[in-house]
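Reproduced below: final.cif, with mmCIF, C-alpha atoms.
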data_query
#
loop_
_atom_site.label_atom_id
_atom_site.label_comp_id
_atom_site.auth_asym_id
_atom_site.auth_seq_id
_atom_site.Cartn_x
_atom_site.Cartn_y
_atom_site.Cartn_z
CA MET A 45 14.85 40.90 15.86
CA GLN A 46 11.98 38.64 14.84
CA THR A 47 9.63 37.26 17.45
CA GLU A 48 8.03 33.82 17.65
CA GLN A 49 4.90 35.25 16.06
CA THR A 50 6.50 36.33 12.78
CA PRO A 51 4.06 35.39 9.99
CA VAL A 52 5.01 32.71 7.52
CA PRO A 53 5.95 34.30 4.16
CA GLU A 54 3.31 34.11 1.45
CA ALA A 55 5.69 32.19 -0.82
CA ALA A 56 6.00 29.44 1.80
CA GLN A 57 2.20 29.28 2.10
CA ASN A 58 1.89 28.96 -1.67
CA ARG A 59 4.49 26.17 -1.81
CA ALA A 60 2.71 24.27 0.94
CA ALA A 61 -0.64 24.72 -0.79
CA LYS A 62 0.74 23.52 -4.14
CA ARG A 63 2.27 20.44 -2.54
CA ALA A 64 -0.99 19.66 -0.76
CA VAL A 65 -3.02 19.93 -3.97
CA THR A 66 -0.52 17.74 -5.84
CA VAL A 67 -0.47 15.01 -3.19
CA PHE A 68 -4.14 15.34 -2.26
CA PRO A 69 -5.58 13.14 -5.05
CA ILE A 70 -3.15 10.36 -4.14
CA LEU A 71 -4.02 10.66 -0.46
CA VAL A 72 -7.77 10.60 -1.13
CA LEU A 73 -7.45 7.71 -3.60
CA ALA A 74 -5.52 5.71 -1.00
CA ALA A 75 -8.16 6.50 1.62
CA GLY A 76 -10.94 5.38 -0.72
CA GLY A 77 -9.06 2.16 -1.43
CA LEU A 78 -8.66 1.54 2.28
CA GLY A 79 -12.36 2.07 2.86
CA LEU A 80 -13.19 -0.35 0.04
CA VAL A 81 -10.78 -3.08 1.11
CA THR A 82 -11.35 -2.87 4.88
CA PRO A 83 -14.83 -1.37 5.37
CA SER A 84 -15.04 -2.79 8.88
CA THR A 85 -12.26 -0.40 9.93
CA PHE A 86 -14.65 2.51 9.50
CA ALA A 87 -17.79 0.85 10.80
CA GLY A 88 -19.84 3.29 12.84
CA TRP A 89 -17.90 6.33 11.64
CA SER A 90 -20.71 7.75 9.49
CA GLU A 91 -22.00 10.01 12.26
CA SER A 92 -18.59 11.70 12.45
CA VAL A 93 -18.71 12.95 8.83
CA PRO A 94 -20.45 16.30 9.61
CA TYR A 95 -17.89 17.02 12.35
CA LEU A 96 -15.02 16.16 10.02
CA LEU A 97 -16.47 18.50 7.42
CA GLY A 98 -16.70 21.17 10.12
CA ILE A 99 -12.92 20.88 10.58
CA VAL A 100 -12.38 21.42 6.85
CA MET A 101 -14.63 24.48 6.81
CA PHE A 102 -12.99 25.86 9.98
CA CYS A 103 -9.64 25.63 8.17
CA MET A 104 -11.20 27.47 5.24
CA GLY A 105 -12.35 30.21 7.61
CA LEU A 106 -8.81 30.50 8.98
CA THR A 107 -7.55 31.36 5.49
CA MET A 108 -10.13 34.12 4.97
CA THR A 109 -9.76 37.82 5.70
CA PRO A 110 -12.06 40.85 5.44
CA LEU A 111 -10.28 41.63 2.15
CA ASP A 112 -12.05 38.62 0.62
CA PHE A 113 -15.38 40.32 1.22
CA LYS A 114 -14.01 43.69 0.10
CA GLY A 115 -13.23 42.06 -3.24
CA VAL A 116 -16.93 41.28 -3.68
CA ALA A 117 -17.83 44.95 -3.28
CA GLN A 118 -15.12 46.00 -5.72
CA ARG A 119 -16.21 43.60 -8.48
CA PRO A 120 -19.90 42.85 -7.92
CA TRP A 121 -20.67 42.11 -11.57
CA ALA A 122 -17.88 39.57 -11.98
CA VAL A 123 -18.71 37.85 -8.68
CA ALA A 124 -22.43 37.77 -9.51
CA LEU A 125 -21.66 36.22 -12.88
CA GLY A 126 -19.50 33.60 -11.21
CA LEU A 127 -22.26 32.75 -8.73
CA VAL A 128 -24.92 32.47 -11.42
CA ALA A 129 -22.66 30.29 -13.57
CA HIS A 130 -21.82 28.07 -10.60
CA TYR A 131 -25.35 27.55 -9.34
CA VAL A 132 -26.89 27.17 -12.82
CA ILE A 133 -24.33 25.14 -14.75
CA MET A 134 -23.42 22.45 -12.21
CA PRO A 135 -26.93 21.71 -10.87
CA GLY A 136 -28.26 21.66 -14.43
CA LEU A 137 -25.48 19.35 -15.59
CA GLY A 138 -26.12 17.03 -12.65
CA TRP A 139 -29.79 16.74 -13.59
CA LEU A 140 -29.03 16.21 -17.28
CA ILE A 141 -26.37 13.56 -16.61
CA ALA A 142 -28.64 11.71 -14.18
CA HIS A 143 -31.31 11.52 -16.89
CA ALA A 144 -28.94 10.80 -19.78
CA LEU A 145 -27.28 7.88 -17.96
CA ASP A 146 -30.59 6.72 -16.45
CA LEU A 147 -28.99 6.56 -13.01
CA PRO A 148 -30.73 4.71 -10.16
CA PRO A 149 -32.54 7.11 -7.78
CA GLN A 150 -29.90 7.08 -5.04
CA LEU A 151 -27.02 7.77 -7.45
CA ALA A 152 -29.04 10.34 -9.40
CA ALA A 153 -29.81 12.27 -6.22
CA GLY A 154 -26.13 12.08 -5.22
CA VAL A 155 -24.91 13.45 -8.55
CA ILE A 156 -27.44 16.30 -8.43
CA LEU A 157 -26.50 17.11 -4.84
CA VAL A 158 -22.83 17.42 -5.84
CA GLY A 159 -23.91 19.88 -8.52
CA CYS A 160 -25.88 21.95 -6.01
CA ALA A 161 -22.96 22.29 -3.58
CA PRO A 162 -20.88 25.49 -3.28
CA SER A 163 -17.39 25.89 -4.76
CA GLY A 164 -14.67 23.43 -3.83
CA THR A 165 -12.20 24.22 -1.07
CA ALA A 166 -9.19 23.70 -3.41
CA SER A 167 -10.46 25.85 -6.28
CA ASN A 168 -8.51 28.94 -5.16
CA VAL A 169 -5.18 27.11 -5.11
CA VAL A 170 -5.82 25.45 -8.47
CA THR A 171 -6.71 28.87 -9.93
CA TYR A 172 -3.39 30.16 -8.62
CA LEU A 173 -1.53 27.24 -10.25
CA ALA A 174 -3.28 28.05 -13.55
CA ARG A 175 -2.27 31.73 -13.31
CA GLY A 176 -5.91 32.68 -13.08
CA ASP A 177 -7.61 35.57 -11.31
CA VAL A 178 -7.16 34.41 -7.71
CA ALA A 179 -8.99 37.41 -6.22
CA LEU A 180 -12.10 36.61 -8.26
CA SER A 181 -11.81 32.92 -7.39
CA VAL A 182 -11.64 33.68 -3.66
CA SER A 183 -14.61 36.08 -3.86
CA VAL A 184 -16.83 33.61 -5.75
CA ALA A 185 -15.87 30.72 -3.45
CA THR A 186 -16.52 32.84 -0.36
CA VAL A 187 -19.94 34.07 -1.44
CA SER A 188 -21.05 30.69 -2.81
CA THR A 189 -20.18 29.14 0.56
CA VAL A 190 -21.97 31.84 2.56
CA LEU A 191 -25.09 31.53 0.38
CA ALA A 192 -25.10 27.72 0.35
CA PRO A 193 -27.75 27.38 3.12
CA LEU A 194 -30.14 29.50 1.04
CA ILE A 195 -29.39 27.99 -2.39
CA THR A 196 -28.31 24.35 -2.06
CA PRO A 197 -31.42 22.93 -0.30
CA PRO A 198 -34.08 24.44 -2.62
CA LEU A 199 -32.05 23.55 -5.71
CA THR A 200 -31.70 19.98 -4.47
CA LEU A 201 -35.43 19.82 -3.77
CA LEU A 202 -36.23 21.16 -7.23
CA LEU A 203 -33.91 18.86 -9.19
CA ALA A 204 -33.58 15.73 -7.03
CA GLY A 205 -37.10 15.68 -5.59
CA GLU A 206 -38.29 13.50 -8.45
CA TYR A 207 -35.87 10.77 -7.34
CA LEU A 208 -36.01 10.87 -3.54
CA PRO A 209 -37.80 12.84 -0.80
CA VAL A 210 -35.80 15.95 0.10
CA GLU A 211 -36.20 17.66 3.50
CA ALA A 212 -34.97 21.09 2.48
CA GLY A 213 -35.62 22.67 5.89
CA SER A 214 -33.41 20.27 7.84
CA MET A 215 -30.79 20.46 5.07
CA VAL A 216 -30.58 24.24 5.60
CA TRP A 217 -29.78 23.77 9.28
CA ASP A 218 -27.23 21.03 8.52
CA ILE A 219 -25.38 23.37 6.12
CA VAL A 220 -25.43 26.17 8.68
CA LYS A 221 -23.96 23.84 11.34
CA THR A 222 -21.34 22.14 9.18
CA VAL A 223 -20.35 25.02 6.87
CA LEU A 224 -21.42 28.51 7.91
CA LEU A 225 -20.70 28.35 11.65
CA PRO A 226 -17.25 26.70 11.30
CA VAL A 227 -16.25 29.18 8.57
CA ALA A 228 -17.40 32.09 10.74
CA ALA A 229 -15.50 30.66 13.72
CA GLY A 230 -12.34 30.32 11.65
CA LEU A 231 -12.67 33.89 10.39
CA LEU A 232 -13.08 35.20 13.95
CA VAL A 233 -10.06 33.24 15.16
CA ARG A 234 -8.06 34.69 12.25
CA LEU A 235 -9.12 38.20 13.27
CA TRP A 236 -8.26 37.68 16.94
CA LEU A 237 -5.09 35.60 16.61
CA GLY A 238 -3.95 36.60 13.14
CA ARG A 239 -0.18 36.35 13.65
CA TRP A 240 -0.42 32.90 15.23
CA VAL A 241 -2.76 31.71 12.50
CA ASP A 242 -0.35 33.02 9.86
CA ARG A 243 2.36 30.79 11.30
CA ALA A 244 0.05 27.77 11.00
CA GLN A 245 -1.04 28.54 7.42
CA PRO A 246 1.30 26.03 5.71
CA ALA A 247 -0.24 23.20 7.75
CA LEU A 248 -3.87 24.07 6.97
CA PRO A 249 -4.00 22.58 3.44
CA TRP A 250 -2.59 19.32 4.80
CA LEU A 251 -5.08 19.23 7.67
CA SER A 252 -7.95 19.82 5.22
CA ALA A 253 -6.62 17.19 2.80
CA ALA A 254 -6.23 14.58 5.53
CA THR A 255 -9.70 15.27 6.91
CA ILE A 256 -11.35 15.02 3.48
CA ALA A 257 -9.46 11.75 2.93
CA VAL A 258 -11.02 10.35 6.10
CA ILE A 259 -14.47 11.49 4.94
CA VAL A 260 -13.95 9.67 1.62
CA ALA A 261 -12.80 6.51 3.41
CA VAL A 262 -15.90 6.53 5.63
CA VAL A 263 -18.28 7.15 2.71
CA VAL A 264 -16.69 4.43 0.55
CA ALA A 265 -16.67 1.94 3.43
CA ALA A 266 -20.37 2.54 4.08
CA SER A 267 -21.27 1.53 0.51
CA ALA A 268 -18.41 -0.87 -0.27
CA ASP A 269 -20.73 -3.68 -1.37
CA ALA A 270 -22.51 -1.50 -3.91
CA ILE A 271 -19.39 0.09 -5.35
CA LYS A 272 -18.27 -2.93 -7.35
CA SER A 273 -21.44 -2.90 -9.45
CA ALA A 274 -21.86 0.88 -9.67
CA ALA A 275 -18.28 2.17 -9.79
CA ALA A 276 -17.96 2.44 -13.58
CA LEU A 277 -21.27 4.24 -13.95
CA VAL A 278 -20.52 6.66 -11.11
CA PHE A 279 -17.05 7.38 -12.49
CA LEU A 280 -18.51 8.16 -15.93
CA ALA A 281 -21.08 10.51 -14.37
CA VAL A 282 -18.42 12.31 -12.31
CA VAL A 283 -16.00 12.73 -15.23
CA LEU A 284 -18.77 14.15 -17.43
CA HIS A 285 -20.03 16.43 -14.65
CA ASN A 286 -16.63 17.83 -13.77
CA GLY A 287 -15.29 18.06 -17.33
CA LEU A 288 -18.34 19.82 -18.72
CA GLY A 289 -18.40 22.12 -15.69
CA LEU A 290 -14.79 23.19 -16.26
CA ALA A 291 -15.41 23.75 -19.98
CA LEU A 292 -18.68 25.63 -19.58
CA GLY A 293 -17.31 27.73 -16.72
CA TYR A 294 -14.38 28.80 -18.87
CA GLY A 295 -16.73 29.38 -21.80
CA ALA A 296 -19.00 31.57 -19.67
CA GLY A 297 -16.04 33.77 -18.80
CA ARG A 298 -14.91 34.10 -22.40
CA LEU A 299 -18.46 34.69 -23.65
CA THR A 300 -18.86 37.62 -21.27
CA ARG A 301 -15.42 39.02 -22.21
CA MET A 302 -13.98 38.65 -18.71
CA GLY A 303 -10.45 38.07 -19.99
CA GLN A 304 -8.17 35.04 -19.83
CA PRO A 305 -7.23 35.07 -16.09
CA ALA A 306 -10.83 35.62 -14.96
CA SER A 307 -12.09 32.93 -17.35
CA ARG A 308 -9.63 30.47 -15.84
CA ALA A 309 -10.94 31.33 -12.39
CA MET A 310 -14.50 30.80 -13.64
CA ALA A 311 -13.58 27.35 -14.95
CA PHE A 312 -12.43 26.13 -11.53
CA GLU A 313 -15.12 27.93 -9.53
CA VAL A 314 -17.79 26.25 -11.66
CA GLY A 315 -16.22 22.83 -12.18
CA MET A 316 -14.86 22.17 -8.66
CA GLN A 317 -17.40 21.47 -5.94
CA ASN A 318 -17.44 21.19 -2.16
CA SER A 319 -17.87 17.44 -2.47
CA GLY A 320 -17.19 16.97 1.24
CA LEU A 321 -20.39 18.87 1.98
CA ALA A 322 -22.25 16.88 -0.68
CA ALA A 323 -21.04 13.60 0.87
CA SER A 324 -22.09 14.72 4.34
CA LEU A 325 -25.57 15.83 3.20
CA ALA A 326 -26.08 12.71 1.08
CA SER A 327 -25.16 10.44 3.99
CA ALA A 328 -27.46 12.31 6.36
CA HIS A 329 -30.47 12.86 4.10
CA PHE A 330 -30.34 10.04 1.53
CA SER A 331 -28.06 7.01 1.96
CA PRO A 332 -24.38 5.98 1.91
CA LEU A 333 -24.83 4.97 -1.74
CA ALA A 334 -26.03 8.48 -2.62
CA ALA A 335 -22.79 9.82 -1.13
CA LEU A 336 -20.69 7.73 -3.52
CA PRO A 337 -20.68 10.31 -6.38
CA ALA A 338 -19.39 12.93 -3.94
CA ALA A 339 -16.60 10.60 -2.76
CA VAL A 340 -15.51 9.92 -6.34
CA PHE A 341 -15.81 13.64 -7.18
CA SER A 342 -13.48 14.43 -4.25
CA VAL A 343 -10.73 12.47 -5.94
CA TRP A 344 -11.41 13.24 -9.57
CA HIS A 345 -11.90 17.01 -9.50
CA ASN A 346 -8.53 17.50 -7.84
CA VAL A 347 -6.83 15.27 -10.41
CA SER A 348 -8.53 17.03 -13.34
CA GLY A 349 -8.03 20.46 -11.74
CA ALA A 350 -4.29 19.91 -11.35
CA VAL A 351 -3.98 18.61 -14.92
CA VAL A 352 -5.98 21.47 -16.42
CA ALA A 353 -4.05 24.01 -14.35
CA ALA A 354 -0.73 22.62 -15.60
CA TRP A 355 -2.04 22.74 -19.18
#

Here is the file; what I need is its structure written in the form of structure tokens.
Amino acid sequence: MQTEQTPVPEAAQNRAAKRAVTVFPILVLAAGGLGLVTPSTFAGWSESVPYLLGIVMFCMGLTMTPLDFKGVAQRPWAVALGLVAHYVIMPGLGWLIAHALDLPPQLAAGVILVGCAPSGTASNVVTYLARGDVALSVSVATVSTVLAPLITPPLTLLLAGEYLPVEAGSMVWDIVKTVLLPVAAGLLVRLWLGRWVDRAQPALPWLSAATIAVIVAVVVAASADAIKSAAALVFLAVVLHNGLGLALGYGAGRLTRMGQPASRAMAFEVGMQNSGLAASLASAHFSPLAALPAAVFSVWHNVSGAVVAAW
């Protein structure tokens, strides 16, 4: 006889994750529209963004297991290639796009910061939908997140320092607080209360999606006045950034003969970013306007990811 703690079947988790990814862009788009139309609703919420991001990363930690780290040891070359591609292609593209479009300093710094962020929280599910190498996707996303405090701040300083002052030291601590500690806490909870967490797995993608939607609403509301004049330019920058990232990530996999499934995983691990983290860091270290590219990226990369996965 089954007990109350029987884990939710993997198929049910996958169905819930697919539904969340499909509905997520609509949810985030609606949240952004709400923030734009009624910015006063979210007045004073900016300080809550790091805590909201912490919830998202805690949920990510709840989905992780020691097997994710074992996968890194089993395929070090493939994971290393994914990390290099991620932290070279996207930051470089952000810098090139900022220069090519002659973006204002705040927007340029925001685009570059998105490029310097670790892999997106939905990249694993999108890789699954595309019949890609999910194990490789999970390993690259895990390691890129763990290494973010060491890589994201210096990269941002190097590439965005010409636009705005960058306090790399305080950025390191912010990433540790909002990303590393919540992920570690989620992983520990999964280890201690695994069967209970398994039962809650189907709800985790929805909790993450709803929380990111609130982050987008807060970021958009904080810069609502500037969006009308900058929206088209930011959207162009985000589409170029994400599209080229997906293409070059896939190309890097094919060029190194990783095979079709692994190349698909590379495409999403390179082209999809943790834009929630980028929005939080931009709001804290630059300005609400600098967080606008991250808010737009949050919507667009899930739309493009779902479309590319279906294709």

Legend entry - Spatial neighbours of Val264 of chain A, 9 Å, all atoms listed in the file, chain gap at least 2 places, as a list of chain:residue names: A:Ala75, A:Gly76, A:Gly77, A:Leu78, A:Gly79, A:Leu80, A:Pro83, A:Ile259, A:Val260, A:Ala261, A:Val262, A:Ala266, A:Ser267, A:Ala268, A:Ile271, A:Pro332, A:Leu333, A:Ala335, A:Leu336, A:Ala339, A:Val340

Legend entry - Minimum-distance residue to Val314 of chain A, chosen among A:Ser90, A:Asn286, A:Ser342, A:Thr107 (using all atoms listed in the file): A:Asn286

Can you build me a table of segment 63-113 of chain A residues sitting at most 9 Å from segment 316-327 of chain A, with the closest atom pair per residue and its distance in Å to one decimal, using only C-alpha atoms, sorted by chain and residue number, as CSV?
residue,atom,partner,partner_atom,distance
A:Ser90,CA,A:Ser327,CA,7.6
A:Glu91,CA,A:Ser327,CA,8.9
A:Val93,CA,A:Ser324,CA,5.9
A:Pro94,CA,A:Ser324,CA,5.7
A:Leu97,CA,A:Gly320,CA,6.4
A:Val100,CA,A:Gly320,CA,8.6

May I have the centre and edge lengths, in Å to one decimal, of an axis-aligned box around the listed atoms of segment 190-194 of chain A with 6 Å added to every side, as JSON?
{"center_x": -26.1, "center_y": 29.6, "center_z": 1.7, "size_x": 20.2, "size_y": 16.5, "size_z": 14.8}

Legend entry - Distance in Å - atom CA of Pro148 of chain A versus atom CA of Pro69 of chain A: 27.0 Å

Gly176 of chain A surroundings by all atoms listed in the file, 8 Å radius, close-in-sequence under 4 positions cut, as a PDB file with C-alpha atoms, keeping the file's coordinate frame:
ATOM      1  CA  THR A 171      -6.710  28.870  -9.930  1.00  0.00           C
ATOM      2  CA  TYR A 172      -3.390  30.160  -8.620  1.00  0.00           C
ATOM      3  CA  GLN A 304      -8.170  35.040 -19.830  1.00  0.00           C
ATOM      4  CA  PRO A 305      -7.230  35.070 -16.090  1.00  0.00           C
ATOM      5  CA  ALA A 306     -10.830  35.620 -14.960  1.00  0.00           C
ATOM      6  CA  SER A 307     -12.090  32.930 -17.350  1.00  0.00           C
ATOM      7  CA  ARG A 308      -9.630  30.470 -15.840  1.00  0.00           C
ATOM      8  CA  ALA A 309     -10.940  31.330 -12.390  1.00  0.00           C
TER       9      ALA A 309
END

Inset, instruction - Specify as a PyMOL selection string each residue included when the PyMOL selection byres ((chain A and resi 274) around 10) is applied to this file. - result: chain A and resi 147-148+151+269-273+275-279+333+336

Legend entry - Point-to-point distance from atom CA of Ile219 of chain A to atom CA of Gln118 of chain A, Å rounded to tenths: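 According to the coordinates, atom CA of Ile219 of chain A and atom CA of Gln118 of chain A are separated by 27.5 Å.
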
Inset, instruction - Extract, using all atoms listed in the file, all DNA, RNA and protein residues at most 9 Å from Val123 of chain A, discarding same-chain residues fewer than 3 positions from it, and format them as a list in words. - result: Gly115, Val116, Ala117, Arg119, Pro120, Gly126, Leu127, Val128, Leu180, Ser181, Ser183, Val184 and Val187 of chain A

Limited to C-alpha atoms, could you put the picked residues into a file as a PDB file, in the coordinates of the input?
ATOM      1  CA  GLY A 115     -13.230  42.060  -3.240  1.00  0.00           C
ATOM      2  CA  VAL A 116     -16.930  41.280  -3.680  1.00  0.00           C
ATOM      3  CA  ALA A 117     -17.830  44.950  -3.280  1.00  0.00           C
ATOM      4  CA  ARG A 119     -16.210  43.600  -8.480  1.00  0.00           C
ATOM      5  CA  PRO A 120     -19.900  42.850  -7.920  1.00  0.00           C
ATOM      6  CA  GLY A 126     -19.500  33.600 -11.210  1.00  0.00           C
ATOM      7  CA  LEU A 127     -22.260  32.750  -8.730  1.00  0.00           C
ATOM      8  CA  VAL A 128     -24.920  32.470 -11.420  1.00  0.00           C
ATOM      9  CA  LEU A 180     -12.100  36.610  -8.260  1.00  0.00           C
ATOM     10  CA  SER A 181     -11.810  32.920  -7.390  1.00  0.00           C
ATOM     11  CA  SER A 183     -14.610  36.080  -3.860  1.00  0.00           C
ATOM     12  CA  VAL A 184     -16.830  33.610  -5.750  1.00  0.00           C
ATOM     13  CA  VAL A 187     -19.940  34.070  -1.440  1.00  0.00           C
TER      14      VAL A 187
END

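Taking atom CA of Gly138 of chain A and atom CA of Ala124 of chain A as endpoints, the distance between them is 21.3 Å.
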
Taking the file above as input, evaluate the PyMOL selection byres ((chain A and resi 189) around 8) and report the hits as a PDB file with C-alpha atoms, keeping the file's coordinate frame.
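Output contents, as saved in out39.pdb:
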ATOM      1  CA  PRO A 162     -20.880  25.490  -3.280  1.00  0.00           C
ATOM      2  CA  SER A 163     -17.390  25.890  -4.760  1.00  0.00           C
ATOM      3  CA  ALA A 185     -15.870  30.720  -3.450  1.00  0.00           C
ATOM      4  CA  THR A 186     -16.520  32.840  -0.360  1.00  0.00           C
ATOM      5  CA  VAL A 187     -19.940  34.070  -1.440  1.00  0.00           C
ATOM      6  CA  SER A 188     -21.050  30.690  -2.810  1.00  0.00           C
ATOM      7  CA  VAL A 190     -21.970  31.840   2.560  1.00  0.00           C
ATOM      8  CA  LEU A 191     -25.090  31.530   0.380  1.00  0.00           C
ATOM      9  CA  ALA A 192     -25.100  27.720   0.350  1.00  0.00           C
ATOM     10  CA  VAL A 223     -20.350  25.020   6.870  1.00  0.00           C
ATOM     11  CA  LEU A 224     -21.420  28.510   7.910  1.00  0.00           C
TER      12      LEU A 224
END

Inset, instruction - For each of A:Pro226, A:Pro246, A:Gly164, A:Gly136, take the minimum atom-to-atom distance to Leu199 of chain A, counting only C-alpha atoms, then give the residue where this is smallest. - result: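 Smallest distance to Leu199 of chain A is found for A:Gly136.
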
Legend entry - Residues matched by the PyMOL selection byres ((chain A and resi 209) around 12) as a VMD selection string: chain A and resid 149 to 150 153 197 200 to 208 210 to 212 215 326 329 to 331
